[in-house]
Amino acid sequence: MSSFMEWATQVASEHPDLHGAFIDVEGEWLDVLLADGRTVRFRPSQMLDREAPEPARREMLNRLITIGVKLAKHSSTTEGTPGSGVNGDGNGGGDTRSADGPQEAAAAANGSGSDAQNAGIAGMEDGNHAGTSDSSQSPDEALPFDDPSDIEASTSLSDQSFGPQVARGPNGNPFGPAFDALFGATSQDAGQRELTYGEEAAQDFDELDGEESSGLILPIVRAADYFISSHNHAVGDSMVYIPLTDFVGVGLADDKPDTIEPIYYSDLGERGLTSEIGPLFADSVNSLRHLNFQHGRPGLELGVTEIGGAEVFIFTGPANYQSSWFADLDMTQTVSESLAAEYGDRLPLFVPASRTSFFVIMADDPHLADVFASLRNRVGEQDAIYPLPHTVAADGWQEWIPLPDHPAADLLSELRVTHRERIYAAQALAMRQWPGDLGTIKEFETRHVKSGSTVSSARWESTDGHGSIPSTDFISFVRHGSGLPWDEDRGDLVTVRSVVARDVWPEGIAASADVWPPRFDVKGFPTPNQMDALRQASYREI
């Protein structure tokens, strides 16, 4: 027995949940037979960083054991992916959560058997098979929303603990606080007033098929409007969530037998959970990682498929939680670094397309535009998140916006504006339910320009007084004339880039506090001299 496994066995023997349990070691496997007959089996070497300080390793191993005990099943039980709609009756390719013996468990962990054959099959959400493909669809018309079902093998991209793996098919806003919260460094007050509208709060849980809840609290990644609509100012409640980008957030959910049930702040006390949500999000990400192992996968797997001629890397599981990896900044950064190293320092772009479709494509792929053209055809899908490319770094996510002459620039601008328009419409509706005088809540508007691109704009009028505008590409300042027939003053109109307007008229425009997605407060209206200055600056290039 290696010294590492001796240490793992010692830590396990001291764990309070393993009192009276029989603990055995077989190679890198730690086998535990609980006093009630249930079994736990996993490989600590695949889940822990051996080079980490001992206290950190001990804390992580204890946490994994706690989760493992919660998930433990009697050794003869074969059941479906929790909350996935993939059950063990032969419909959808069941996962074996606990094997009958070492050989079966090792086979599952090595990605063989039915689990590997069905690694790319999406589960069900909202009662629909997200992974079901149209038999009339040609290979080049396959969409990133449709997970491939022909994943055959796995090859390691990284030898890091819990490193990403590639399964190959036949075709071969303030990021800091969000990042800190995911790793337990901050918290959010349930009474913080961000958005407080809730009549259409997402009480309609994501319906799934399954036989048993995993009992886990898992991260769910959704577009901002999903969380905005959960606010109910009347009772001071909303889903528990934090922003990951200006337009994508992460919440917490119970993995139920046939639903993914979002967790609200009002649920925390009832469940005996801490109101410090940072640790809750950190635990949820750890649970996501452990769930992947529990399904027999030795690490994070990326399926490789071809869409419109482009090579696309798809996060294959866990079913119904593929997009949740967008909340795991550590893991996605590892994936980014591994892909860049494997493919000659090319830039990986991460696309949170839908709840069950999260994929990576290289920025220099010559067929990049074709992939996003397919996503344009899916605008309006209920399960869409924010299908725009992002880069990841230690401080979080950044949306990738190419130069105007890029082949995909016009497509991306259209997608960007279309999805932001939906999100800002929900925000404006929410803000109009806030108490107090918020002034004029201006809408997000879409404009098509002669160059072929799509841009966003907001309109601020001289009669608006005070209020706020969404973050847009352009602002139009409209000064109304008197309206009197004998008055020759017919008003004035100046359209200028938003960043230029904030530079020229800083006393009138300031970033709104505690509002997500971002908005800008506007007070008053530019003077005639300031309108002239804005007009002269309207030709400034950015």
# chains A, B, ... in the order shown; residues from 1 in each chain; ligands from 1
>>> residues_around(residues="A:Lys442", least_positions_apart="5", cutoff="8 Å", atoms="only C-alpha atoms", output="ChimeraX atom specification")
/A:428,458-460,467-470
>>> write_last_selection(atoms="all heavy atoms", output="CSV table (one decimal), in the first residue's frame")
chain,number,residue,atom,x,y,z
A,428,ALA,N,-36.2,45.4,-16.8
A,428,ALA,CA,-37.1,46.6,-16.8
A,428,ALA,C,-38.4,46.3,-16.1
A,428,ALA,O,-38.9,47.1,-15.3
A,428,ALA,CB,-37.3,47.1,-18.2
A,458,ALA,N,-29.9,52.9,-26.4
A,458,ALA,CA,-30.9,53.4,-25.4
A,458,ALA,C,-31.3,54.9,-25.8
A,458,ALA,O,-30.4,55.6,-26.4
A,458,ALA,CB,-30.4,53.3,-24.0
A,459,ARG,N,-32.4,55.3,-25.4
A,459,ARG,CA,-32.9,56.6,-25.8
A,459,ARG,C,-33.2,57.4,-24.6
A,459,ARG,O,-34.0,57.0,-23.7
A,459,ARG,CB,-34.2,56.4,-26.6
A,459,ARG,CG,-34.8,57.7,-27.2
A,459,ARG,CD,-36.1,57.3,-28.0
A,459,ARG,NE,-36.8,58.5,-28.6
A,459,ARG,CZ,-36.6,58.9,-29.8
A,459,ARG,NH1,-35.7,58.3,-30.6
A,459,ARG,NH2,-37.3,60.0,-30.2
A,460,TRP,N,-32.5,58.5,-24.4
A,460,TRP,CA,-32.7,59.4,-23.3
A,460,TRP,C,-33.3,60.7,-23.7
A,460,TRP,O,-32.7,61.4,-24.6
A,460,TRP,CB,-31.4,59.6,-22.5
A,460,TRP,CG,-31.7,60.3,-21.2
A,460,TRP,CD1,-31.4,61.6,-20.9
A,460,TRP,CD2,-32.3,59.8,-20.0
A,460,TRP,NE1,-31.8,62.0,-19.6
A,460,TRP,CE2,-32.4,60.8,-19.0
A,460,TRP,CE3,-32.8,58.6,-19.7
A,460,TRP,CZ2,-32.9,60.7,-17.8
A,460,TRP,CZ3,-33.4,58.4,-18.4
A,460,TRP,CH2,-33.4,59.4,-17.5
A,467,GLY,N,-33.5,58.7,-14.1
A,467,GLY,CA,-33.8,57.3,-14.2
A,467,GLY,C,-32.6,56.5,-14.5
A,467,GLY,O,-31.5,56.8,-14.1
A,468,SER,N,-32.8,55.5,-15.4
A,468,SER,CA,-31.6,54.7,-15.7
A,468,SER,C,-31.8,54.1,-17.1
A,468,SER,O,-32.9,53.9,-17.6
A,468,SER,CB,-31.4,53.5,-14.7
A,468,SER,OG,-32.5,52.6,-14.7
A,469,ILE,N,-30.6,53.7,-17.7
A,469,ILE,CA,-30.6,53.1,-19.0
A,469,ILE,C,-29.8,51.8,-18.9
A,469,ILE,O,-28.9,51.7,-18.1
A,469,ILE,CB,-30.0,54.0,-20.1
A,469,ILE,CG1,-28.6,54.4,-19.6
A,469,ILE,CG2,-30.9,55.3,-20.3
A,469,ILE,CD1,-27.8,55.3,-20.7
A,470,PRO,N,-30.1,50.8,-19.8
A,470,PRO,CA,-29.3,49.6,-19.8
A,470,PRO,C,-27.9,49.9,-20.4
A,470,PRO,O,-27.7,50.9,-21.0
A,470,PRO,CB,-30.1,48.7,-20.7
A,470,PRO,CG,-30.9,49.6,-21.6
A,470,PRO,CD,-31.2,50.8,-20.7
>>> closest_residue(among="A:Leu347, A:Gln427, A:Ser451, A:Leu48", to="A:Asp405", atoms="only C-alpha atoms")
A:Ser451
>>> select_by_dssp(residues="stretch 188-403 of chain A", states="alpha helix (DSSP H)", output="PyMOL selection string")
chain A and resi 224-228+265-271+277-294+329-342+368-376
>>> write_last_selection(atoms="C-alpha atoms", output="PDB file, in the first residue's frame")
ATOM      1  CA  ALA A 224     -29.799  36.537 -15.765  1.00  0.00           C
ATOM      2  CA  ASP A 225     -33.521  36.815 -16.571  1.00  0.00           C
ATOM      3  CA  TYR A 226     -34.126  33.370 -15.026  1.00  0.00           C
ATOM      4  CA  PHE A 227     -32.937  34.634 -11.654  1.00  0.00           C
ATOM      5  CA  ILE A 228     -34.398  38.127 -12.038  1.00  0.00           C
ATOM      6  CA  TYR A 265     -33.338  32.256   0.531  1.00  0.00           C
ATOM      7  CA  SER A 266     -36.458  31.326   2.479  1.00  0.00           C
ATOM      8  CA  ASP A 267     -35.428  27.668   2.107  1.00  0.00           C
ATOM      9  CA  LEU A 268     -32.091  28.127   3.850  1.00  0.00           C
ATOM     10  CA  GLY A 269     -33.464  28.426   7.368  1.00  0.00           C
ATOM     11  CA  GLU A 270     -35.953  25.619   6.855  1.00  0.00           C
ATOM     12  CA  ARG A 271     -33.122  23.327   5.741  1.00  0.00           C
ATOM     13  CA  ILE A 277     -23.835  31.465   0.625  1.00  0.00           C
ATOM     14  CA  GLY A 278     -20.154  31.414  -0.354  1.00  0.00           C
ATOM     15  CA  PRO A 279     -19.532  28.028   1.303  1.00  0.00           C
ATOM     16  CA  LEU A 280     -22.811  26.722  -0.145  1.00  0.00           C
ATOM     17  CA  PHE A 281     -21.657  27.483  -3.674  1.00  0.00           C
ATOM     18  CA  ALA A 282     -18.224  25.980  -2.985  1.00  0.00           C
ATOM     19  CA  ASP A 283     -19.884  22.810  -1.687  1.00  0.00           C
ATOM     20  CA  SER A 284     -22.207  22.671  -4.698  1.00  0.00           C
ATOM     21  CA  VAL A 285     -19.257  22.741  -7.104  1.00  0.00           C
ATOM     22  CA  ASN A 286     -17.546  19.989  -5.131  1.00  0.00           C
ATOM     23  CA  SER A 287     -20.787  17.995  -5.291  1.00  0.00           C
ATOM     24  CA  LEU A 288     -20.861  18.443  -9.072  1.00  0.00           C
ATOM     25  CA  ARG A 289     -17.351  17.034  -9.323  1.00  0.00           C
ATOM     26  CA  HIS A 290     -18.167  14.155  -7.024  1.00  0.00           C
ATOM     27  CA  LEU A 291     -21.370  13.372  -8.929  1.00  0.00           C
ATOM     28  CA  ASN A 292     -19.294  12.985 -12.073  1.00  0.00           C
ATOM     29  CA  PHE A 293     -17.075  10.441 -10.293  1.00  0.00           C
ATOM     30  CA  GLN A 294     -20.073   8.695  -8.781  1.00  0.00           C
ATOM     31  CA  LEU A 329     -13.851  28.360 -12.644  1.00  0.00           C
ATOM     32  CA  ASP A 330     -10.993  26.180 -11.449  1.00  0.00           C
ATOM     33  CA  MET A 331     -11.974  23.290 -13.686  1.00  0.00           C
ATOM     34  CA  THR A 332     -12.787  25.342 -16.775  1.00  0.00           C
ATOM     35  CA  GLN A 333      -9.478  27.153 -16.466  1.00  0.00           C
ATOM     36  CA  THR A 334      -7.749  23.772 -16.337  1.00  0.00           C
ATOM     37  CA  VAL A 335      -9.688  22.707 -19.432  1.00  0.00           C
ATOM     38  CA  SER A 336      -8.676  25.919 -21.205  1.00  0.00           C
ATOM     39  CA  GLU A 337      -5.006  25.487 -20.359  1.00  0.00           C
ATOM     40  CA  SER A 338      -5.050  21.796 -21.336  1.00  0.00           C
ATOM     41  CA  LEU A 339      -6.719  22.440 -24.693  1.00  0.00           C
ATOM     42  CA  ALA A 340      -4.355  25.331 -25.438  1.00  0.00           C
ATOM     43  CA  ALA A 341      -1.383  23.103 -24.684  1.00  0.00           C
ATOM     44  CA  GLU A 342      -2.793  20.205 -26.693  1.00  0.00           C
ATOM     45  CA  LEU A 368     -16.540  29.423 -36.232  1.00  0.00           C
ATOM     46  CA  ALA A 369     -19.243  31.491 -37.972  1.00  0.00           C
ATOM     47  CA  ASP A 370     -21.081  28.338 -39.089  1.00  0.00           C
ATOM     48  CA  VAL A 371     -21.406  27.136 -35.508  1.00  0.00           C
ATOM     49  CA  PHE A 372     -22.927  30.408 -34.346  1.00  0.00           C
ATOM     50  CA  ALA A 373     -25.196  30.488 -37.380  1.00  0.00           C
ATOM     51  CA  SER A 374     -26.717  27.264 -36.062  1.00  0.00           C
ATOM     52  CA  LEU A 375     -27.188  28.911 -32.672  1.00  0.00           C
ATOM     53  CA  ARG A 376     -28.927  31.862 -34.298  1.00  0.00           C
TER      54      ARG A 376
END
>>> closest_residue(among="A:Phe444, A:Tyr539, A:Trp397, A:Trp516", to="A:Val417", atoms="only C-alpha atoms")
A:Phe444
>>> closest_residue(among="A:Ala234, A:Ala21, A:Val360, A:Val312", to="A:Arg38", atoms="only C-alpha atoms")
A:Ala21
>>> residues_around(residues="A:Phe474", least_positions_apart="2", cutoff="6 Å", atoms="only C-alpha atoms", output="list of chain:residue names")
A:Ser457, A:Thr472, A:Val496, A:Arg497, A:Ser498
>>> residues_around(residues="stretch 322-328 of chain A", least_positions_apart="2", cutoff="6 Å", atoms="only C-alpha atoms", output="PyMOL selection string")
chain A and resi 219-221+315+317-318+320+330-331+355-356+358
>>> atom_distance(atom1="atom CA of A:Gly308", atom2="atom CA of A:Thr446")
28.0 Å
>>> closest_residue(among="A:Val351, A:Glu399, A:Gly465, A:Ile314", to="A:Asp437", atoms="only C-alpha atoms")
A:Gly465
>>> atom_distance(atom1="atom CA of A:Ser476", atom2="atom CA of A:Glu414")
19.9 Å
>>> closest_residue(among="A:Gln10, A:Ser413, A:Asn62, A:Ser471", to="A:Ser453", atoms="only C-alpha atoms")
A:Ser413
>>> closest_residue(among="A:Pro352, A:Gly68, A:Gly27, A:Gly452", to="A:Ala12", atoms="only C-alpha atoms")
A:Gly68
>>> residues_around(residues="A:His419", least_positions_apart="3", cutoff="9 Å", atoms="only C-alpha atoms", output="ChimeraX atom specification")
/A:379-380,385-387,414-416,422-424
>>> atom_distance(atom1="atom CA of A:Phe42", atom2="atom CA of A:His19")
18.2 Å
